[in-house]
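Reviewing the structure listed below.
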Amino acid sequence: MLTSYKSLIQSEVPSGELIISRTDLHGNITYANETFAFICGYSVDELIGKPHSIVRHPDMPKSVFKELWTSIKAGKIWKGYVKNLRKDGGYYWVYAEVSGVYKDGKLVEYKSLRSPIDQEVQEIFQEKYDALLAKEEGKVRAIVTLNIENVEKLTKLAQDKKITVDEALKDILDDTLL
């Protein structure tokens with residue numbers, strides 16, 4: 001559960017900039033350009049060695065990434081629109097092209113080139129991804145305002161149970177509403 005207004009703040013990818021990263025065959029970042037680090041709010045050093053999913057936004061349907069991995073493992077280029085998560089909880093949208101990197105005919109890593117997209121395309125894909133999340137994963141985006149006492153109780157419950165706040169909230173809803 002994001003409890004910061006920053007989750008509602010969008011970062012714009014500067015026009016003319018290209019976000020570049022490379023990963024090993026397991027999806028761990030081996031290279032990140034400064035533009036990537038700046039936009040996602042991490043330093044380059046914080047990104048190296050981490051799974052690329054560190055920037056996966058919860059609004060993104062798993063099926064999109066399943067399609068991506070199926071494509072690139074088959075030697076194809078995957079192209080699509082992605083909403084990414086910033087370190088501070090904010091987000092940014094990009095058009096991405098992901099493909100394999102080959103040396104002497106052997107796949108050695110993956111590269112991703114990402115560029116800015118306009119607001120109209122973002123809105124189209126947010127609606128599309130909302131529908132996919134609902135259909136495929138039974139999830140919907142929601143913005144809720146809670147009083148601070150309830151947030152503190154929920155946080156303490158999660159800590160006591162050693163689970164996430166989202167899991168604690170789900171447990172509460174499952175027990176009381178069904």
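Residues in the structure tokens are named by chain (A, B, ... in the order shown) and by number from 1 within that chain; ligands are numbered from 1 in the order shown.
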
I'd like the neighbourhood of region 45-52 of chain A as a CSV table (one decimal) with C-alpha atoms, in the first residue's frame, where a residue qualifies if any of its atoms comes within 7 Å (using only C-alpha atoms), though same-chain residues fewer than 6 positions away should be ignored.
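File selection37.csv, as written:
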chain,number,residue,atom,x,y,z
A,27,GLY,CA,16.9,-10.1,-16.2
A,28,ASN,CA,19.4,-8.6,-13.8
A,29,ILE,CA,20.7,-5.2,-14.8
A,30,THR,CA,24.3,-5.1,-16.1
A,31,TYR,CA,24.2,-1.6,-17.6

What lies within 7 Å of Leu18 (chain A) using only C-alpha atoms, ignoring chain neighbours under 5 positions off, as a PDB file with C-alpha atoms, in the first residue's frame?
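That gives us around_14.pdb:
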ATOM      1  CA  LEU A 113      15.739   1.051 -25.394  1.00  0.00           C
ATOM      2  CA  ARG A 114      12.956   3.238 -24.035  1.00  0.00           C
ATOM      3  CA  SER A 115      11.645   6.596 -25.196  1.00  0.00           C
TER       4      SER A 115
END

Check: Hey, what does DSSP flag as helix (DSSP H, G or I) within chain A? Can you give it to me as a PyMOL selection string?
Finding: chain A and resi 5-8+34-40+44-47+52-55+62-73+119-137+148-161+165-177

Practice item. May I ask which of the residues A:Trp69, A:Thr23, A:Tyr91, A:Val64 is the closest one to Ser11 (chain A), counting only C-alpha atoms? Key: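 Residue with the minimum atom-to-atom distance to Ser11 (chain A): A:Tyr91.
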
Between CA of Ala142 (chain A) and CA of Thr164 (chain A) lies a distance of 17.5 Å

So which one's closest to Gln10 (chain A), A:Glu97, A:Glu67, A:Glu109, A:Asp88? Using only C-alpha atoms, please.
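Looking at the shortest contact to Gln10 (chain A), the residue is A:Asp88.
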
For this session: Show which residues sit within 12 Å of region 169-173 of chain A, as a VMD selection string. Count only C-alpha atoms, and ignore same-chain residues fewer than 5 positions away.
Result: chain A and resid 1 139 150 to 151 153 to 158 161 163 to 164 178

Only N, CA and C atoms, please: the residues just picked out, written as a CSV table (one decimal), in the first residue's frame.
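In the end it all went to selection39.csv:
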chain,number,residue,atom,x,y,z
A,1,MET,N,0.8,-1.2,0.0
A,1,MET,CA,0.0,0.0,0.0
A,1,MET,C,0.9,1.2,0.0
A,139,LYS,N,-7.6,-7.6,-10.1
A,139,LYS,CA,-7.1,-6.4,-9.4
A,139,LYS,C,-7.6,-5.1,-10.1
A,150,ASN,N,-5.8,4.4,11.5
A,150,ASN,CA,-6.0,3.2,10.8
A,150,ASN,C,-4.8,2.7,10.1
A,151,VAL,N,-4.1,3.7,9.4
A,151,VAL,CA,-2.9,3.4,8.7
A,151,VAL,C,-1.9,2.8,9.7
A,153,LYS,N,-2.5,1.4,12.7
A,153,LYS,CA,-2.9,0.0,13.1
A,153,LYS,C,-2.6,-1.0,12.0
A,154,LEU,N,-2.9,-0.7,10.8
A,154,LEU,CA,-2.6,-1.6,9.7
A,154,LEU,C,-1.1,-1.9,9.6
A,155,THR,N,-0.3,-0.9,9.7
A,155,THR,CA,1.2,-1.1,9.6
A,155,THR,C,1.7,-1.9,10.7
A,156,LYS,N,1.2,-1.7,12.0
A,156,LYS,CA,1.6,-2.5,13.1
A,156,LYS,C,1.2,-3.9,13.0
A,157,LEU,N,-0.1,-4.1,12.5
A,157,LEU,CA,-0.6,-5.5,12.3
A,157,LEU,C,0.3,-6.2,11.3
A,158,ALA,N,0.7,-5.6,10.2
A,158,ALA,CA,1.5,-6.2,9.2
A,158,ALA,C,2.9,-6.5,9.8
A,161,LYS,N,2.7,-9.5,12.1
A,161,LYS,CA,2.5,-10.8,11.4
A,161,LYS,C,3.6,-11.1,10.4
A,163,ILE,N,4.2,-9.6,7.5
A,163,ILE,CA,3.6,-9.7,6.2
A,163,ILE,C,3.6,-8.2,5.7
A,164,THR,N,3.3,-8.1,4.4
A,164,THR,CA,3.1,-6.7,3.8
A,164,THR,C,1.8,-6.1,4.3
A,178,LEU,N,-16.5,-11.2,3.7
A,178,LEU,CA,-17.0,-12.3,2.9
A,178,LEU,C,-17.8,-13.3,3.8

Near-Ala74 (chain A) list (10 Å; only C-alpha atoms; drop same-chain fewer than 6 positions) as an MDAnalysis selection string: chainID A and resid 68 99:100

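Considering only C-alpha atoms, the residue among A:Phe36, A:Leu25, A:Leu85, A:Met60 positioned nearest to Ile72 (chain A) is A:Leu25.
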
If DSSP is run on the backbone, what residues of region 6-111 of chain A are strand (DSSP E or B)? A reply as a ChimeraX atom specification would be ideal.
/A:10,19-23,28-32,51,56,78-85,91-103,106-111
